[in-house]
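Pasted below: run.pdb, PDB, C-alpha atoms, pLDDT in the B column.
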```
MODEL        1
ATOM      1  CA  MET A 223     106.521  95.498  92.768  1.00 82.00           C
ATOM      2  CA  ILE A 224     110.025  96.038  94.157  1.00 90.00           C
ATOM      3  CA  LEU A 225     111.772  99.193  92.949  1.00 90.00           C
ATOM      4  CA  GLN A 226     115.498  99.640  92.558  1.00 89.00           C
ATOM      5  CA  HIS A 227     116.891 102.551  94.673  1.00 89.00           C
ATOM      6  CA  MET A 228     113.761 102.582  96.886  1.00 91.00           C
ATOM      7  CA  TYR A 229     113.907 102.184 100.673  1.00 93.00           C
ATOM      8  CA  TYR A 230     112.103  99.360 102.458  1.00 94.00           C
ATOM      9  CA  LYS A 231     111.588  98.574 106.134  1.00 93.00           C
ATOM     10  CA  HIS A 232     112.048  95.021 107.447  1.00 94.00           C
ATOM     11  CA  PHE A 233     109.343  93.679 109.745  1.00 93.00           C
ATOM     12  CA  LYS A 234     111.942  93.637 112.570  1.00 93.00           C
ATOM     13  CA  GLY A 235     112.638  97.372 112.055  1.00 90.00           C
ATOM     14  CA  GLY A 236     115.785  97.741 109.925  1.00 92.00           C
ATOM     15  CA  VAL A 237     115.758 100.093 106.926  1.00 94.00           C
ATOM     16  CA  TYR A 238     117.307  98.944 103.636  1.00 96.00           C
ATOM     17  CA  LYS A 239     117.844 100.326 100.139  1.00 95.00           C
ATOM     18  CA  VAL A 240     117.353  98.079  97.110  1.00 96.00           C
ATOM     19  CA  LEU A 241     120.480  98.181  94.965  1.00 96.00           C
ATOM     20  CA  MET A 242     119.475  95.923  92.091  1.00 95.00           C
ATOM     21  CA  LEU A 243     117.159  93.126  91.023  1.00 95.00           C
ATOM     22  CA  PRO A 244     119.482  90.400  89.685  1.00 96.00           C
ATOM     23  CA  LEU A 245     118.427  87.014  88.368  1.00 97.00           C
ATOM     24  CA  ASN A 246     119.486  83.752  89.984  1.00 95.00           C
ATOM     25  CA  ALA A 247     121.985  82.046  87.650  1.00 94.00           C
ATOM     26  CA  THR A 248     120.625  78.599  88.510  1.00 94.00           C
ATOM     27  CA  ASP A 249     116.882  78.990  88.011  1.00 95.00           C
ATOM     28  CA  GLY A 250     116.437  82.505  86.548  1.00 95.00           C
ATOM     29  CA  LYS A 251     114.216  83.677  89.422  1.00 95.00           C
ATOM     30  CA  GLU A 252     114.295  87.337  90.430  1.00 96.00           C
ATOM     31  CA  MET A 253     116.431  88.172  93.457  1.00 97.00           C
ATOM     32  CA  VAL A 254     116.819  91.383  95.460  1.00 98.00           C
ATOM     33  CA  ALA A 255     120.212  92.841  96.398  1.00 98.00           C
ATOM     34  CA  TYR A 256     119.918  95.391  99.191  1.00 97.00           C
ATOM     35  CA  VAL A 257     122.046  97.257 101.716  1.00 97.00           C
ATOM     36  CA  GLY A 258     121.226  98.429 105.235  1.00 95.00           C
ATOM     37  CA  LYS A 259     120.950 102.138 105.901  1.00 90.00           C
ATOM     38  CA  ASN A 260     123.381 101.732 108.805  1.00 88.00           C
ATOM     39  CA  ASP A 261     125.097  98.528 107.648  1.00 90.00           C
ATOM     40  CA  PRO A 262     127.469  98.457 104.638  1.00 91.00           C
ATOM     41  CA  ARG A 263     126.968  94.730 103.970  1.00 95.00           C
ATOM     42  CA  ILE A 264     125.071  93.756 100.817  1.00 97.00           C
ATOM     43  CA  TRP A 265     122.303  91.200 101.281  1.00 97.00           C
ATOM     44  CA  VAL A 266     120.580  89.054  98.636  1.00 97.00           C
ATOM     45  CA  CYS A 267     117.333  87.092  98.865  1.00 96.00           C
ATOM     46  CA  PRO A 268     114.596  85.858  96.507  1.00 97.00           C
ATOM     47  CA  ALA A 269     112.132  88.598  95.517  1.00 97.00           C
ATOM     48  CA  ALA A 270     109.165  86.543  96.782  1.00 96.00           C
ATOM     49  CA  GLU A 271     110.765  86.305 100.235  1.00 97.00           C
ATOM     50  CA  PHE A 272     111.661  90.020 100.219  1.00 97.00           C
ATOM     51  CA  GLU A 273     108.044  91.003  99.496  1.00 96.00           C
ATOM     52  CA  LYS A 274     106.837  89.019 102.529  1.00 96.00           C
ATOM     53  CA  LYS A 275     109.298  90.592 104.975  1.00 96.00           C
ATOM     54  CA  PHE A 276     109.633  94.216 103.788  1.00 95.00           C
ATOM     55  CA  MET A 277     107.341  97.181 103.217  1.00 92.00           C
ATOM     56  CA  MET A 278     107.967 100.425 101.331  1.00 90.00           C
ATOM     57  CA  TYR A 279     109.462 103.193 103.404  1.00 91.00           C
ATOM     58  CA  LEU A 280     110.225 106.895 102.960  1.00 91.00           C
ATOM     59  CA  PRO A 281     113.148 107.866 105.235  1.00 91.00           C
ATOM     60  CA  PHE A 282     113.311 111.147 107.155  1.00 92.00           C
ATOM     61  CA  GLY A 283     114.345 113.940 104.793  1.00 93.00           C
ATOM     62  CA  THR A 284     112.999 112.346 101.609  1.00 93.00           C
ATOM     63  CA  VAL A 285     111.792 115.090  99.249  1.00 94.00           C
ATOM     64  CA  LEU A 286     108.541 114.552  97.335  1.00 94.00           C
ATOM     65  CA  HIS A 287     107.123 116.797  94.605  1.00 93.00           C
ATOM     66  CA  LYS A 288     103.517 117.689  93.766  1.00 92.00           C
ATOM     67  CA  ASP A 289     102.092 120.571  91.736  1.00 91.00           C
ATOM     68  CA  GLY A 290     105.332 122.573  91.886  1.00 91.00           C
ATOM     69  CA  CYS A 291     105.656 122.198  95.662  1.00 93.00           C
ATOM     70  CA  GLN A 292     108.243 120.312  97.710  1.00 95.00           C
ATOM     71  CA  PHE A 293     107.173 118.085 100.577  1.00 95.00           C
ATOM     72  CA  VAL A 294     109.710 116.700 103.052  1.00 95.00           C
ATOM     73  CA  VAL A 295     109.270 113.597 105.212  1.00 95.00           C
ATOM     74  CA  THR A 296     109.583 114.828 108.798  1.00 95.00           C
ATOM     75  CA  HIS A 297     108.420 111.775 110.736  1.00 92.00           C
ATOM     76  CA  ASN A 298     107.461 108.121 110.316  1.00 87.00           C
ATOM     77  CA  GLY A 299     104.994 106.781 112.837  1.00 83.00           C
ATOM     78  CA  LEU A 300     103.212 103.482 113.158  1.00 79.00           C
ATOM     79  CA  GLY A 301     101.318 103.241 109.868  1.00 81.00           C
ATOM     80  CA  TYR A 302     101.756 106.854 108.802  1.00 87.00           C
ATOM     81  CA  THR A 303     104.248 109.340 107.382  1.00 91.00           C
ATOM     82  CA  ARG A 304     104.242 113.048 108.248  1.00 93.00           C
ATOM     83  CA  LEU A 305     105.064 115.469 105.417  1.00 94.00           C
ATOM     84  CA  TYR A 306     105.863 119.188 105.575  1.00 96.00           C
ATOM     85  CA  CYS A 307     105.173 121.459 102.581  1.00 95.00           C
ATOM     86  CA  ASN A 308     108.051 123.919 102.149  1.00 94.00           C
ATOM     87  CA  GLU A 309     105.923 126.425 100.238  1.00 94.00           C
ATOM     88  CA  THR A 310     102.821 126.612 102.468  1.00 94.00           C
ATOM     89  CA  GLY A 311     104.120 125.401 105.828  1.00 94.00           C
ATOM     90  CA  GLU A 312     101.276 122.873 106.046  1.00 93.00           C
ATOM     91  CA  GLU A 313     101.783 119.433 107.549  1.00 93.00           C
ATOM     92  CA  TYR A 314     100.131 116.253 106.341  1.00 91.00           C
ATOM     93  CA  LYS A 315      99.757 112.922 108.120  1.00 90.00           C
ATOM     94  CA  LEU A 316      99.431 110.294 105.388  1.00 91.00           C
ATOM     95  CA  LYS A 317      99.597 106.549 104.886  1.00 89.00           C
ATOM     96  CA  LEU A 318     102.062 105.274 102.276  1.00 89.00           C
ATOM     97  CA  VAL A 319     100.109 103.003  99.957  1.00 87.00           C
ATOM     98  CA  ASP A 320     102.104 102.402  96.791  1.00 86.00           C
ATOM     99  CA  VAL A 321     105.182 103.388  94.811  1.00 87.00           C
ATOM    100  CA  LYS A 322     105.415 102.827  91.065  1.00 86.00           C
ATOM    101  CA  ARG A 323     108.158 103.700  88.631  1.00 81.00           C
ATOM    102  CA  HIS A 324     107.329 106.821  86.643  1.00 71.00           C
ATOM    103  CA  HIS A 325     107.617 106.861  82.856  1.00 65.00           C
ATOM    104  CA  VAL A 326     110.906 108.704  83.434  1.00 60.00           C
ATOM    105  CA  SER A 327     113.113 105.941  84.850  1.00 65.00           C
ATOM    106  CA  SER A 328     114.768 107.928  87.650  1.00 77.00           C
ATOM    107  CA  TRP A 329     111.434 109.007  89.183  1.00 84.00           C
ATOM    108  CA  ALA A 330     108.625 107.150  90.942  1.00 87.00           C
ATOM    109  CA  VAL A 331     105.026 108.033  91.718  1.00 88.00           C
ATOM    110  CA  VAL A 332     104.189 107.728  95.418  1.00 91.00           C
ATOM    111  CA  THR A 333     100.534 107.215  96.348  1.00 89.00           C
ATOM    112  CA  MET A 334      99.468 108.156  99.877  1.00 91.00           C
ATOM    113  CA  TYR A 335      96.086 108.337 101.615  1.00 89.00           C
ATOM    114  CA  GLU A 336      94.671 110.689 104.198  1.00 84.00           C
ATOM    115  CA  TYR A 337      91.552 109.669 106.032  1.00 67.00           C
ATOM    116  CA  ASP A 338      89.220 112.555 106.771  1.00 65.00           C
ATOM    117  CA  ASN A 339      86.041 111.372 108.509  1.00 60.00           C
ATOM    118  CA  LYS A 340      85.644 108.087 106.548  1.00 67.00           C
ATOM    119  CA  THR A 341      86.534 109.821 103.248  1.00 71.00           C
ATOM    120  CA  LYS A 342      89.716 108.565 101.673  1.00 77.00           C
ATOM    121  CA  ILE A 343      91.708 111.391 100.049  1.00 83.00           C
ATOM    122  CA  THR A 344      94.405 110.254  97.623  1.00 87.00           C
ATOM    123  CA  TYR A 345      97.641 112.177  97.125  1.00 89.00           C
ATOM    124  CA  GLU A 346     100.152 111.393  94.407  1.00 88.00           C
ATOM    125  CA  PHE A 347     103.700 112.700  94.648  1.00 90.00           C
ATOM    126  CA  GLU A 348     106.839 112.248  92.578  1.00 88.00           C
ATOM    127  CA  VAL A 349     110.135 111.200  94.150  1.00 88.00           C
ATOM    128  CA  LYS A 350     113.572 110.967  92.560  1.00 85.00           C
ATOM    129  CA  LEU A 351     115.025 107.495  93.024  1.00 79.00           C
TER     130      LEU A 351
ENDMDL
END
```
Could you show the structure in this file as structure tokens?
Amino acid sequence: MILQHMYYKHFKGGVYKVLMLPLNATDGKEMVAYVGKNDPRIWVCPAAEFEKKFMMYLPFGTVLHKDGCQFVVTHNGLGYTRLYCNETGEEYKLKLVDVKRHHVSSWAVVTMYEYDNKTKITYEFEVKL
């Protein structure tokens, strides 16, 4: 699922923010309108094509919420995201797995995994879109 206002990373490395999910006037298929983080041009492509070339991404500085605590994205590595908890000072190295729109439309639920000796630990955070 593609989320409006969410960031995505292109397989070649660029980071983009989804602006809207318009419909093609000719055939009614879902499209994706997005803008580069460092490029003001607006791009449009079919949603099916977008899903093949982009993956979800949490940029540096993104603030996530869980159990009354704030977590800030401090680093994105190959296949992982590092989070810092403002309240405890703990750092987490997690894999971004999924983002789904929360029942409140301006929020999303972010699911991340931490692998601890073959045990998969699931973390769910909220992020304002």
Handout entry: Polymer residues at most 10 Å from segment 230-235 of chain A, only C-alpha atoms, same-chain spacing of 3 or more positions, as a list of chain:residue names
Key = A:Ile224, A:Leu225, A:His227, A:Tyr238, A:Lys239, A:Val240, A:Tyr256, A:Gly258, A:Lys259, A:Phe272, A:Glu273, A:Lys274, A:Lys275, A:Phe276, A:Met277, A:Met278, A:Tyr279, A:Leu280, A:Pro281
Residues in the PyMOL selection byres ((chain A and resi 334) around 10), expressed as a PDB file with C-alpha atoms, in the coordinates of the input:
```
ATOM      1  CA  TYR A 302     101.756 106.854 108.802  1.00 87.00           C
ATOM      2  CA  THR A 303     104.248 109.340 107.382  1.00 91.00           C
ATOM      3  CA  LYS A 315      99.757 112.922 108.120  1.00 90.00           C
ATOM      4  CA  LEU A 316      99.431 110.294 105.388  1.00 91.00           C
ATOM      5  CA  LYS A 317      99.597 106.549 104.886  1.00 89.00           C
ATOM      6  CA  LEU A 318     102.062 105.274 102.276  1.00 89.00           C
ATOM      7  CA  VAL A 319     100.109 103.003  99.957  1.00 87.00           C
ATOM      8  CA  ASP A 320     102.104 102.402  96.791  1.00 86.00           C
ATOM      9  CA  VAL A 321     105.182 103.388  94.811  1.00 87.00           C
ATOM     10  CA  VAL A 331     105.026 108.033  91.718  1.00 88.00           C
ATOM     11  CA  VAL A 332     104.189 107.728  95.418  1.00 91.00           C
ATOM     12  CA  THR A 333     100.534 107.215  96.348  1.00 89.00           C
ATOM     13  CA  TYR A 335      96.086 108.337 101.615  1.00 89.00           C
ATOM     14  CA  GLU A 336      94.671 110.689 104.198  1.00 84.00           C
ATOM     15  CA  LYS A 342      89.716 108.565 101.673  1.00 77.00           C
ATOM     16  CA  ILE A 343      91.708 111.391 100.049  1.00 83.00           C
ATOM     17  CA  THR A 344      94.405 110.254  97.623  1.00 87.00           C
ATOM     18  CA  TYR A 345      97.641 112.177  97.125  1.00 89.00           C
ATOM     19  CA  GLU A 346     100.152 111.393  94.407  1.00 88.00           C
ATOM     20  CA  PHE A 347     103.700 112.700  94.648  1.00 90.00           C
TER      21      PHE A 347
END
```
Exercise for the section: For the point (118.8, 93.0, 94.8) in the file's frame, write as number ranges by chain all residues with an atom no more than 7 Å away, counting all atoms listed in the file. Expected result: A: 240-244, 253-256, 266
Resolved residues for the PyMOL selection byres ((chain A and resi 305) around 8) as a compact mmCIF listing (two decimals) with C-alpha atoms, keeping the file's coordinate frame:
```
# COMPACT_ATOMS: atom_id res chain seq x y z
CA PHE A 293 107.17 118.08 100.58
CA VAL A 294 109.71 116.70 103.05
CA VAL A 295 109.27 113.60 105.21
CA THR A 296 109.58 114.83 108.80
CA HIS A 297 108.42 111.78 110.74
CA THR A 303 104.25 109.34 107.38
CA ARG A 304 104.24 113.05 108.25
CA TYR A 306 105.86 119.19 105.58
CA CYS A 307 105.17 121.46 102.58
CA GLU A 313 101.78 119.43 107.55
CA TYR A 314 100.13 116.25 106.34
CA LYS A 315 99.76 112.92 108.12
CA LEU A 316 99.43 110.29 105.39
```
Practice task
Apply the PyMOL selection byres ((chain A and resi 290) around 12) to the file shown and report the selected residues as a PyMOL selection string.
Solution key: chain A and resi 286-289+291-293+307-310+347-348
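Note that the spacing between atom CA of Gly283 of chain A and atom CA of Glu271 of chain A amounts to 28.2 Å.
If you look at atom CA of Trp265 of chain A and atom CA of Val285 of chain A, they are 26.2 Å away from each other.
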